[in-house]
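Content type mmCIF, C-alpha atoms and all ligand atoms, from the file my_file13.cif:
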```cif
data_entry
#
loop_
_atom_site.label_atom_id
_atom_site.label_comp_id
_atom_site.auth_asym_id
_atom_site.auth_seq_id
_atom_site.Cartn_x
_atom_site.Cartn_y
_atom_site.Cartn_z
CA MET A 473 129.24 82.13 95.05
CA THR A 474 129.51 85.78 94.05
CA ALA A 475 127.35 88.13 96.09
CA THR A 476 125.13 90.60 94.27
CA PRO A 477 123.67 93.78 95.83
CA ASP A 478 120.23 92.16 95.86
CA GLU A 479 121.37 88.97 97.56
CA PRO A 480 123.47 89.82 100.59
CA ARG A 481 125.90 87.11 101.65
CA VAL A 482 124.95 85.62 104.99
CA LYS A 483 127.35 85.40 107.91
CA PRO A 484 126.05 82.25 109.62
CA ALA A 485 127.27 82.84 113.22
CA VAL A 486 124.79 84.68 115.46
CA ALA A 487 126.42 87.33 117.62
CA PRO A 488 124.79 87.94 121.01
CA VAL A 489 124.63 91.68 120.34
CA ALA A 490 125.35 93.94 117.37
CA ILE A 491 126.14 97.60 118.07
CA VAL A 492 125.53 100.13 115.30
CA GLY A 493 127.90 103.11 115.59
CA ALA A 494 131.33 103.43 117.24
CA GLY A 495 131.01 106.81 118.89
CA LEU A 496 131.19 107.16 122.67
CA ALA A 497 127.92 105.25 123.25
CA GLY A 498 128.84 102.31 121.01
CA LEU A 499 132.40 101.93 122.29
CA LEU A 500 131.33 102.17 125.92
CA ALA A 501 128.52 99.64 125.35
CA ALA A 502 131.12 97.22 123.92
CA ARG A 503 133.32 97.70 126.97
CA LEU A 504 130.42 97.16 129.37
CA LEU A 505 129.32 94.01 127.52
CA GLU A 506 132.87 92.64 127.75
CA ALA A 507 133.03 93.50 131.45
CA ALA A 508 129.84 91.43 131.93
CA GLY A 509 131.49 88.44 130.22
CA VAL A 510 129.86 88.82 126.79
CA ARG A 511 132.08 87.57 123.98
CA GLY A 512 131.78 88.08 120.22
CA ALA A 513 129.68 91.25 120.09
CA LEU A 514 129.83 93.06 116.75
CA LEU A 515 130.47 96.80 116.49
CA PHE A 516 129.69 98.29 113.07
CA GLU A 517 130.99 101.76 112.20
CA ALA A 518 130.18 103.43 108.87
CA GLU A 519 133.26 105.69 108.88
CA SER A 520 136.88 104.56 108.55
CA THR A 521 137.66 106.22 111.90
CA LEU A 522 135.99 105.66 115.26
CA GLY A 523 134.65 108.27 117.70
CA GLY A 524 131.61 109.68 115.87
CA ARG A 525 131.05 113.29 116.89
CA ILE A 526 134.25 113.17 118.99
CA LEU A 527 137.11 114.39 116.81
CA SER A 528 140.51 115.80 117.87
CA GLU A 529 143.04 116.83 115.24
CA PRO A 530 146.83 117.07 115.82
CA ALA A 531 148.86 120.19 114.99
CA GLY A 532 152.59 119.28 115.16
CA VAL A 533 153.96 119.62 118.68
CA ALA A 534 151.14 121.98 119.67
CA GLY A 535 148.83 119.14 120.75
CA ARG A 536 145.39 118.07 119.60
CA PHE A 537 142.39 120.29 119.08
CA ASP A 538 138.73 119.41 119.41
CA LEU A 539 136.49 119.81 116.40
CA GLY A 540 133.63 118.05 118.15
CA PRO A 541 132.89 118.18 121.88
CA THR A 542 135.26 120.14 124.13
CA TRP A 543 133.74 120.26 127.62
CA PHE A 544 132.30 118.15 130.37
CA TRP A 545 130.92 119.16 133.75
CA PRO A 546 131.95 116.67 136.48
CA GLU A 547 129.66 118.14 139.16
CA HIS A 548 126.60 117.23 137.11
CA GLN A 549 128.03 114.30 135.16
CA PRO A 550 129.56 111.95 137.75
CA ASP A 551 129.39 108.79 135.59
CA LEU A 552 131.31 110.42 132.73
CA SER A 553 133.79 111.87 135.21
CA ARG A 554 134.33 108.41 136.76
CA LEU A 555 134.84 106.85 133.33
CA ILE A 556 137.48 109.47 132.49
CA ASP A 557 139.33 108.62 135.72
CA GLU A 558 138.95 104.88 135.15
CA LEU A 559 140.59 105.26 131.73
CA GLY A 560 143.49 107.22 133.27
CA LEU A 561 142.82 110.44 131.31
CA SER A 562 143.92 113.87 132.56
CA ARG A 563 141.60 116.85 132.76
CA PHE A 564 142.07 120.59 133.09
CA ALA A 565 139.77 123.59 133.50
CA GLN A 566 138.69 125.72 130.55
CA PHE A 567 140.68 128.99 130.58
CA ASP A 568 138.26 131.88 131.14
CA ILE A 569 140.22 134.55 133.04
CA GLY A 570 140.03 138.05 131.57
CA ASP A 571 137.62 140.12 129.54
CA LEU A 572 135.19 138.93 126.91
CA LEU A 573 134.96 140.73 123.56
CA LEU A 574 131.58 141.72 122.19
CA GLU A 575 131.08 142.49 118.51
CA ARG A 576 127.65 144.10 118.15
CA HIS A 577 127.68 145.86 114.75
CA PRO A 578 129.68 145.61 111.52
CA GLY A 579 132.38 148.27 111.49
CA ALA A 580 132.15 149.04 115.23
CA PRO A 581 135.23 148.16 117.33
CA PRO A 582 134.72 145.21 119.74
CA GLU A 583 133.67 146.09 123.29
CA ARG A 584 135.46 144.62 126.29
CA VAL A 585 133.22 143.29 129.03
CA ARG A 586 134.00 141.38 132.23
CA SER A 587 133.82 137.62 131.55
CA PRO A 588 130.77 136.05 133.12
CA TRP A 589 131.79 133.50 135.76
CA GLU A 590 131.37 129.97 134.46
CA THR A 591 129.36 127.96 136.99
CA PRO A 592 130.02 125.09 137.08
CA VAL A 593 133.56 125.03 135.67
CA SER A 594 133.82 123.48 132.22
CA MET A 595 136.52 120.82 132.08
CA ARG A 596 138.57 119.65 129.10
CA LEU A 597 140.65 116.57 128.40
CA GLN A 598 144.39 116.87 127.95
CA GLY A 599 145.23 115.72 124.42
CA GLY A 600 141.67 116.27 123.24
CA MET A 601 138.36 114.52 123.76
CA ALA A 602 139.36 111.76 121.31
CA GLY A 603 141.48 110.36 124.15
CA LEU A 604 138.23 109.06 125.59
CA THR A 605 137.10 107.02 122.57
CA GLU A 606 140.67 105.90 121.80
CA ALA A 607 141.08 104.56 125.34
CA LEU A 608 137.73 102.75 125.14
CA HIS A 609 138.66 101.19 121.81
CA ALA A 610 142.09 100.16 123.10
CA SER A 611 140.44 98.41 126.07
CA LEU A 612 138.32 96.10 123.88
CA ARG A 613 139.46 92.47 123.62
CA HIS A 614 136.42 90.38 122.71
CA THR A 615 134.42 92.60 120.34
CA ARG A 616 134.69 92.56 116.53
CA VAL A 617 135.09 96.22 115.61
CA LEU A 618 134.29 96.70 111.92
CA GLY A 619 135.11 100.12 110.48
CA ARG A 620 133.74 101.12 107.06
CA HIS A 621 130.72 98.88 107.71
CA ARG A 622 127.51 100.83 107.22
CA VAL A 623 124.34 99.21 108.49
CA LEU A 624 121.61 99.57 105.88
CA HIS A 625 118.72 97.40 107.00
CA LEU A 626 117.41 95.41 109.95
CA ALA A 627 114.98 92.48 109.75
CA VAL A 628 113.58 90.76 112.80
CA HIS A 629 113.10 86.99 112.85
CA ASP A 630 112.51 84.28 115.45
CA ALA A 631 116.14 83.97 116.55
CA GLY A 632 117.00 87.67 116.50
CA VAL A 633 117.83 90.32 113.95
CA ALA A 634 119.45 90.09 110.50
CA LEU A 635 121.53 93.18 109.69
CA THR A 636 122.34 94.04 106.09
CA VAL A 637 125.67 95.82 106.18
CA GLN A 638 127.63 97.49 103.39
CA GLY A 639 131.31 96.65 103.85
CA PRO A 640 134.44 98.36 102.47
CA ALA A 641 134.11 96.65 99.08
CA GLY A 642 130.59 97.97 98.74
CA GLU A 643 128.87 94.60 98.81
CA PRO A 644 125.97 94.08 101.24
CA VAL A 645 126.54 91.25 103.72
CA ARG A 646 123.95 89.90 106.12
CA TRP A 647 125.00 89.45 109.75
CA GLN A 648 122.93 87.93 112.56
CA ALA A 649 122.58 89.09 116.15
CA GLY A 650 120.30 88.34 119.07
CA HIS A 651 119.85 92.03 119.90
CA VAL A 652 120.80 95.36 118.30
CA LEU A 653 122.02 98.40 120.21
CA LEU A 654 121.55 101.51 118.04
CA ALA A 655 124.47 103.73 119.11
CA LEU A 656 123.74 106.50 116.63
CA PRO A 657 121.39 109.49 116.70
CA PRO A 658 117.66 108.56 116.67
CA ARG A 659 117.14 110.45 113.41
CA LEU A 660 119.74 108.29 111.65
CA ALA A 661 118.31 105.17 113.27
CA ALA A 662 114.88 106.10 111.90
CA GLY A 663 116.44 106.18 108.43
CA LEU A 664 117.58 102.53 108.56
CA GLY A 665 115.26 100.23 106.69
CA CYS A 666 113.35 97.92 109.06
CA THR A 667 111.36 94.77 108.23
CA PRO A 668 108.70 94.78 109.52
CA PRO A 669 108.55 98.57 109.96
CA LEU A 670 109.02 99.99 113.47
CA PRO A 671 105.81 100.97 115.30
CA PRO A 672 104.69 104.24 113.61
CA ALA A 673 104.75 106.31 116.83
CA LEU A 674 108.33 105.20 117.57
CA GLN A 675 109.42 105.86 113.99
CA ARG A 676 107.89 109.37 114.17
CA ALA A 677 109.47 110.13 117.54
CA TRP A 678 112.94 109.05 116.37
CA SER A 679 112.81 110.93 113.06
CA SER A 680 111.63 114.14 114.74
CA THR A 681 114.42 114.18 117.37
CA PRO A 682 117.10 116.67 116.28
CA THR A 683 120.70 115.50 116.51
CA TRP A 684 122.55 117.76 118.90
CA MET A 685 125.12 120.00 117.16
CA ALA A 686 124.53 118.33 113.77
CA PRO A 687 123.82 121.70 112.07
CA HIS A 688 127.02 123.27 113.47
CA ALA A 689 130.59 123.85 112.32
CA LYS A 690 133.77 124.67 114.21
CA TYR A 691 136.93 126.59 113.31
CA VAL A 692 140.19 126.29 115.30
CA ALA A 693 143.25 128.54 114.90
CA VAL A 694 146.53 127.45 116.55
CA TYR A 695 149.25 129.98 117.54
CA ASP A 696 152.70 129.79 119.17
CA THR A 697 151.35 131.30 122.38
CA PRO A 698 147.99 132.37 123.86
CA PHE A 699 149.01 136.03 123.24
CA TRP A 700 145.55 137.48 124.11
CA ARG A 701 146.00 136.50 127.78
CA ALA A 702 148.79 139.11 128.20
CA GLN A 703 146.22 141.74 127.12
CA GLY A 704 143.83 140.65 129.88
CA LEU A 705 141.55 138.85 127.42
CA SER A 706 139.99 135.48 128.14
CA GLY A 707 139.84 134.49 124.46
CA GLN A 708 136.06 134.51 124.72
CA ALA A 709 134.00 136.57 122.29
CA ARG A 710 130.39 136.87 121.17
CA SER A 711 129.61 138.33 117.79
CA ALA A 712 126.51 139.47 115.95
CA VAL A 713 128.75 140.14 112.92
CA GLY A 714 130.28 136.70 112.37
CA PRO A 715 130.99 134.41 110.80
CA LEU A 716 131.84 133.00 114.25
CA GLY A 717 129.08 133.65 116.78
CA GLU A 718 130.86 132.33 119.87
CA ILE A 719 134.63 132.10 120.43
CA HIS A 720 136.66 130.48 123.23
CA ASP A 721 140.25 129.82 124.26
CA ALA A 722 141.19 126.34 122.98
CA SER A 723 144.81 126.34 124.18
CA PRO A 724 146.35 123.21 125.66
CA PRO A 725 147.39 123.50 129.36
CA GLN A 726 150.98 124.42 128.39
CA GLY A 727 152.80 125.77 125.37
CA SER A 728 150.84 126.83 122.33
CA GLY A 729 147.73 128.95 122.16
CA ALA A 730 144.53 128.30 120.25
CA LEU A 731 141.14 129.88 119.71
CA PHE A 732 138.03 128.11 118.50
CA GLY A 733 134.65 129.33 117.37
CA PHE A 734 131.22 128.06 116.43
CA PHE A 735 129.88 129.51 113.19
CA GLY A 736 126.76 131.65 113.43
CA VAL A 737 126.24 131.26 109.67
CA PRO A 738 123.44 128.79 108.79
CA ALA A 739 124.51 125.39 107.46
CA ALA A 740 123.03 125.95 103.99
CA VAL A 741 125.05 129.17 103.56
CA ARG A 742 128.26 127.54 104.78
CA LEU A 743 127.83 124.61 102.45
CA ARG A 744 127.21 126.98 99.53
CA LEU A 745 130.21 129.23 100.23
CA GLY A 746 132.58 126.34 100.95
CA GLU A 747 135.38 125.64 103.41
CA GLY A 748 137.97 128.04 101.93
CA ALA A 749 135.66 131.04 102.25
CA MET A 750 134.63 130.05 105.78
CA ARG A 751 138.26 129.75 106.92
CA ASP A 752 139.18 133.14 105.37
CA LEU A 753 136.23 134.89 107.02
CA ALA A 754 136.89 133.27 110.41
CA ARG A 755 140.60 134.17 110.33
CA ALA A 756 139.74 137.77 109.39
CA GLN A 757 137.29 137.95 112.31
CA LEU A 758 139.93 136.73 114.80
CA GLN A 759 142.31 139.40 113.48
CA ARG A 760 139.57 142.04 113.88
CA LEU A 761 138.95 140.94 117.47
CA PHE A 762 142.38 139.93 118.78
CA GLY A 763 144.72 141.99 116.58
CA GLN A 764 147.43 141.39 113.99
CA ALA A 765 148.94 138.45 115.94
CA ALA A 766 145.79 136.46 115.13
CA ALA A 767 146.18 136.94 111.37
CA ALA A 768 148.61 134.09 110.72
CA PRO A 769 147.85 130.94 112.72
CA GLN A 770 150.49 128.19 112.54
CA ALA A 771 147.66 125.70 111.90
CA GLU A 772 143.92 125.90 111.41
CA PHE A 773 141.07 123.41 111.24
CA PHE A 774 137.52 123.52 110.00
CA LYS A 775 134.86 120.87 110.49
CA ASP A 776 131.32 121.21 109.21
CA TRP A 777 129.18 118.57 110.92
CA ALA A 778 126.25 119.46 108.65
CA ALA A 779 128.25 117.92 105.78
CA SER A 780 128.73 114.61 107.61
CA PRO A 781 126.14 112.07 106.39
CA HIS A 782 126.72 109.88 109.45
CA THR A 783 125.82 112.73 111.80
CA ALA A 784 123.41 115.09 110.04
CA THR A 785 120.31 114.47 107.92
CA PRO A 786 118.62 117.06 105.65
CA ALA A 787 116.12 117.67 108.49
CA ASP A 788 118.99 118.79 110.77
CA LEU A 789 119.98 121.52 108.33
CA GLN A 790 116.65 123.36 108.51
CA ALA A 791 117.31 125.06 111.86
CA ALA A 792 119.68 124.65 114.79
CA PRO A 793 117.65 123.91 117.94
CA ALA A 794 118.50 126.20 120.85
CA HIS A 795 117.79 123.53 123.45
CA HIS A 796 118.40 119.83 123.87
CA ALA A 797 115.31 117.90 122.73
CA PRO A 798 113.64 115.57 125.25
CA ALA A 799 114.63 111.93 124.82
CA PRO A 800 112.26 109.75 122.76
CA GLU A 801 111.40 106.17 123.78
CA ALA A 802 114.44 103.96 123.22
CA ALA A 803 112.65 100.71 122.35
CA ALA A 804 109.41 99.24 121.07
CA ALA A 805 107.10 98.36 123.96
CA SER A 806 105.34 95.58 122.04
CA GLY A 807 105.28 93.85 118.66
CA PRO A 808 108.09 92.02 116.83
CA TRP A 809 110.75 94.64 117.66
CA ALA A 810 110.17 94.51 121.44
CA GLY A 811 113.29 93.10 123.11
CA ARG A 812 115.26 93.13 119.84
CA LEU A 813 116.34 96.75 119.47
CA THR A 814 117.44 99.48 121.91
CA GLY A 815 118.45 103.06 121.12
CA ILE A 816 121.59 104.09 123.05
CA GLY A 817 122.83 107.15 121.12
CA SER A 818 123.20 110.21 123.35
CA GLU A 819 119.87 111.77 122.26
CA TRP A 820 118.03 108.87 123.98
CA SER A 821 119.40 109.93 127.37
CA PRO A 822 116.67 111.14 129.76
CA GLN A 823 119.11 113.16 131.93
CA HIS A 824 121.71 114.52 129.49
CA PRO A 825 120.24 114.24 125.98
CA GLY A 826 122.77 115.16 123.29
CA TYR A 827 125.74 115.45 125.69
CA LEU A 828 128.73 113.15 126.13
CA ALA A 829 127.30 112.30 129.55
CA GLY A 830 124.10 111.26 127.79
CA ALA A 831 126.00 108.70 125.70
CA VAL A 832 127.45 107.28 128.93
CA GLU A 833 124.01 107.09 130.53
CA THR A 834 122.34 105.40 127.54
CA ALA A 835 125.18 102.90 127.04
CA GLN A 836 125.03 101.94 130.71
CA ASP A 837 121.22 101.68 130.76
CA GLY A 838 120.96 99.87 127.41
CA VAL A 839 123.55 97.24 128.34
CA ALA A 840 122.08 96.77 131.84
CA ALA A 841 118.59 96.27 130.41
CA TRP A 842 119.82 93.70 127.87
CA LEU A 843 121.81 91.81 130.50
CA ALA A 844 118.77 91.71 132.80
CA ARG A 845 116.56 90.29 130.02
CA ARG A 846 119.12 87.81 128.69
CA GLN A 847 118.37 84.11 129.12
CA PRO A 848 120.90 82.51 131.51
C1 LIG B 1 130.71 120.55 117.33
C2 LIG B 1 130.18 119.75 118.50
C3 LIG B 1 130.40 120.21 119.79
C4 LIG B 1 129.92 119.49 120.89
N1 LIG B 1 130.23 119.91 122.14
C5 LIG B 1 129.91 119.15 123.21
C6 LIG B 1 130.45 119.45 124.50
O1 LIG B 1 131.25 120.39 124.66
N2 LIG B 1 130.06 118.66 125.55
C7 LIG B 1 129.22 117.59 125.39
O2 LIG B 1 128.90 116.93 126.39
N3 LIG B 1 128.75 117.24 124.15
C8 LIG B 1 129.09 117.98 123.08
N4 LIG B 1 128.70 117.60 121.81
C9 LIG B 1 127.82 116.42 121.68
C10 LIG B 1 128.61 115.09 121.78
O3 LIG B 1 129.63 115.10 120.82
C11 LIG B 1 127.65 113.92 121.54
O4 LIG B 1 126.63 113.92 122.51
C12 LIG B 1 128.33 112.55 121.63
O5 LIG B 1 129.60 112.53 121.02
C13 LIG B 1 127.38 111.53 121.00
O6 LIG B 1 127.94 110.24 121.04
P1 LIG B 1 127.13 109.03 120.44
O7 LIG B 1 128.02 107.84 120.54
O8 LIG B 1 125.78 108.96 121.06
O9 LIG B 1 126.84 109.39 118.90
P2 LIG B 1 127.86 109.73 117.72
O10 LIG B 1 129.13 110.29 118.24
O11 LIG B 1 127.08 110.54 116.74
O12 LIG B 1 128.20 108.29 117.11
C14 LIG B 1 127.38 107.65 116.17
C15 LIG B 1 128.26 106.78 115.29
O13 LIG B 1 127.41 106.02 114.41
C16 LIG B 1 128.02 105.97 113.13
N5 LIG B 1 126.98 105.64 112.17
C17 LIG B 1 125.99 106.47 111.70
N6 LIG B 1 125.21 105.79 110.83
C18 LIG B 1 125.70 104.52 110.78
C19 LIG B 1 125.29 103.34 110.08
N7 LIG B 1 124.23 103.33 109.27
N8 LIG B 1 126.03 102.21 110.25
C20 LIG B 1 127.12 102.18 111.07
N9 LIG B 1 127.54 103.29 111.75
C21 LIG B 1 126.82 104.43 111.62
C22 LIG B 1 128.63 107.36 112.97
O14 LIG B 1 129.62 107.38 111.98
C23 LIG B 1 129.18 107.59 114.39
O15 LIG B 1 130.50 107.12 114.53
C24 LIG B 1 129.18 118.28 120.69
C25 LIG B 1 128.97 117.81 119.38
C26 LIG B 1 129.48 118.53 118.30
C27 LIG B 1 129.29 117.97 116.90
#
```

Please rewrite the model in this file as structure tokens.
Ligand SMILES: Cc1cc2nc3c(=O)[nH]c(=O)nc-3n(C[C@H](O)[C@H](O)[C@H](O)COP(=O)(O)OP(=O)(O)OC[C@H]3O[C@@H](n4cnc5c(N)ncnc54)[C@H](O)[C@@H]3O)c2cc1C
Amino acid sequence: MTATPDEPRVKPAVAPVAIVGAGLAGLLAARLLEAAGVRGALLFEAESTLGGRILSEPAGVAGRFDLGPTWFWPEHQPDLSRLIDELGLSRFAQFDIGDLLLERHPGAPPERVRSPWETPVSMRLQGGMAGLTEALHASLRHTRVLGRHRVLHLAVHDAGVALTVQGPAGEPVRWQAGHVLLALPPRLAAGLGCTPPLPPALQRAWSSTPTWMAPHAKYVAVYDTPFWRAQGLSGQARSAVGPLGEIHDASPPQGSGALFGFFGVPAAVRLRLGEGAMRDLARAQLQRLFGQAAAAPQAEFFKDWAASPHTATPADLQAAPAHHAPAPEAAAASGPWAGRLTGIGSEWSPQHPGYLAGAVETAQDGVAAWLARRQP
């Protein structure tokens, strides 16, 4: 029978758990389920690549450079730190020795100020943060990982949840699972169609939770060497002129040098001006700050997360929140959705909402809660 968009084909087997989203939270949840003996979980990922907001791009022999998260803080994030060790990944401290440059006014030369001491030390992963999600994915043996599978709709029924999923060919297919772990930002989860609808208070709480860093964009410039260090500069800068508002050293532990910056330009302006203009302005700013040697990077990268439909929603583009939002409830307390659906994206973390460590916390808690409730 040929499937039509209105009549999704049904996959008859019922998976114990379906995970929506293969970022850090989704991949870790799959690993934890496998470690507890669960077989045949489904992991749906809308994009063709895994990792979600974690993205590291290669530049020849220079290494890989983070266009998503860069840092973690082991003193405050012991579970994430343990996971990194367990996966055999190497860490190193963020370079921050030397002066910081301050650009206060257009046309005024940058001021040098002593770098503020970073407490606690920010740590980075050798080879880029994507090493974390790649290692998690490589460790999976008993999970069906389905890239280019976008979950569109969830319907609860007596035996569990039916998920309508758009696969690579564009056709909607219905899959069945006993429980759904929503490993995506609450705002995106609130946009999935649900039958019956989620409790209104839960729906409101999820759709009003901003997705951390969704309105932001990053620029990375790669050089042969970290030449600014010889001038006593840390590579850090703050600018009221822009387009980059905050700049850091992004060099790997040895060899090449790199600088990265977060744009201070609002998402709507960036999207209007386009990537080419943003790159040109960012490169010109690095030259203004760090001199002629910064004018011709051997490689450069630009990633605008506001343009990613599987990270940002139109609501995220209105304003960039200065602080991490408090975590909303992760599940329905009563009604048909109780016990069928749990939010495990990082923003649901009570301790570290929006951080990598938050995704670790929510994956651990979500899987533990499902295992505790599961019928023997
Ligand atoms: C530029 C930037 C810098 C950051 N810096 C740091 C940092 O230095 N330190 C730190 O701790 N944190 C940082 N963060 C935050 C960190 O990246 C996130 O907290 C973390 O990666 C979230 O992981 P997650 O798995 O919860 O969600 P995500 O990584 O957002 O994963 C969600 C996944 O769901 C998929 N998806 C979405 N909709 C669907 C659908 N309908 N069907 C199927 N799949 C879907 C997405 O494609 C994605 O793969 C940064 C983020 C950004 C963007």

Close residues, A:Leu656 itself excluded, 9 Å, all atoms listed in the file, min 4 positions apart in chain, as number ranges by chain: A: 492-495, 497-498, 524, 660-661, 782-783, 815-819

Mind dumping the selected residues with C-alpha atoms as a short mmCIF file (atom, residue, chain, number, x, y, z; two decimals), in the frame of the given file?
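Final output, saved to selection22.cif:
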```cif
data_model
loop_
_atom_site.label_atom_id
_atom_site.label_comp_id
_atom_site.auth_asym_id
_atom_site.auth_seq_id
_atom_site.Cartn_x
_atom_site.Cartn_y
_atom_site.Cartn_z
CA VAL A 492 125.53 100.13 115.30
CA GLY A 493 127.90 103.11 115.59
CA ALA A 494 131.33 103.43 117.24
CA GLY A 495 131.01 106.81 118.89
CA ALA A 497 127.92 105.25 123.25
CA GLY A 498 128.84 102.31 121.01
CA GLY A 524 131.61 109.68 115.87
CA LEU A 660 119.74 108.29 111.65
CA ALA A 661 118.31 105.17 113.27
CA HIS A 782 126.72 109.88 109.45
CA THR A 783 125.82 112.73 111.80
CA GLY A 815 118.45 103.06 121.12
CA ILE A 816 121.59 104.09 123.05
CA GLY A 817 122.83 107.15 121.12
CA SER A 818 123.20 110.21 123.35
CA GLU A 819 119.87 111.77 122.26
#
```

For atom CA of A:Ser806 and atom CA of A:Leu664, the interatomic separation in Å (one decimal):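 Atom CA of A:Ser806 sits 19.5 Å away from atom CA of A:Leu664.
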
Polymer residues at most 7 Å from stretch 544-561 of chain A, only C-alpha atoms, same-chain spacing of 5 or more positions, as a list in words: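 Near neighbours after the sequence-gap exclusion: Pro592, Val593, Ser594, Met595, Arg596, Leu604, Ala607, Ala829 and Val832 of chain A.
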
Would you export the selected residues with C-alpha atoms as a compact mmCIF listing (two decimals), in the frame of the given file, please?
```txt
# COMPACT_ATOMS: atom_id res chain seq x y z
CA PRO A 592 130.02 125.09 137.08
CA VAL A 593 133.56 125.03 135.67
CA SER A 594 133.82 123.48 132.22
CA MET A 595 136.52 120.82 132.08
CA ARG A 596 138.57 119.65 129.10
CA LEU A 604 138.23 109.06 125.59
CA ALA A 607 141.08 104.56 125.34
CA ALA A 829 127.30 112.30 129.55
CA VAL A 832 127.45 107.28 128.93
```

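Between A:Val645 and the candidates A:Ala631, A:Val741, A:Val623, A:Leu674, the tightest atom-to-atom separation, counting all atoms listed in the file, involves A:Val623.
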
Would you place a box with edges along x, y and z of the file around all atoms of ligand LIG 1 (chain B) listed there, add 4 Å to each of its six sides, and report the centre and edge lengths in Å to one decimal, as JSON?
```
{"center_x": 127.7, "center_y": 111.4, "center_z": 117.8, "size_x": 15.0, "size_y": 26.4, "size_z": 25.1}
```

Selection: 10 Å around A:Ile719, all atoms listed in the file, excl. self and same-chain fewer than 6 positions, as a PyMOL selection string: chain A and resi 572-573+690-692+706-711+731-735+758

Near-stretch 576-578 of chain A list (12 Å; only C-alpha atoms; drop same-chain fewer than 5 positions) as a ChimeraX atom specification: /A:583-584,709-715,717,757,760-761

Residue nearest A:Gly619 among A:Pro725, A:Phe516, A:Ala686, A:Pro822 (counting all atoms listed in the file):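 Looking only at the distances to A:Gly619, the closest residue turns out to be A:Phe516.
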
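The space between atom CA of A:Gln638 and atom CA of A:Pro687 spans 26.0 Å.
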
Interatomic distance, atom CA of A:Glu517 to atom CA of A:Ala673 (Å, one decimal):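 Atom CA of A:Ala673 lies 27.0 Å from atom CA of A:Glu517.
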
Contacts of A:Gly663 within 10 Å, all atoms listed in the file, excl. fewer than 6 positions in-chain, as a VMD selection string: chain A and resid 624 to 625 675 678 to 679 785

For ligand LIG 1 (chain B), the nearest of the candidates A:Ala677, A:Leu813, A:Met685, A:Ile491, counting all atoms listed in the file: A:Met685

Selection as an MDAnalysis selection string: residues within 6 Å of (129.5, 101.9, 108.1), counting all atoms listed in the file: chainID A and resid 517:519 620:623

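Residue nearest A:Gly838 within the list A:Val652, A:Phe537, A:Ala771, A:Phe699: A:Val652 [criterion: smallest interatomic distance, all atoms listed in the file].
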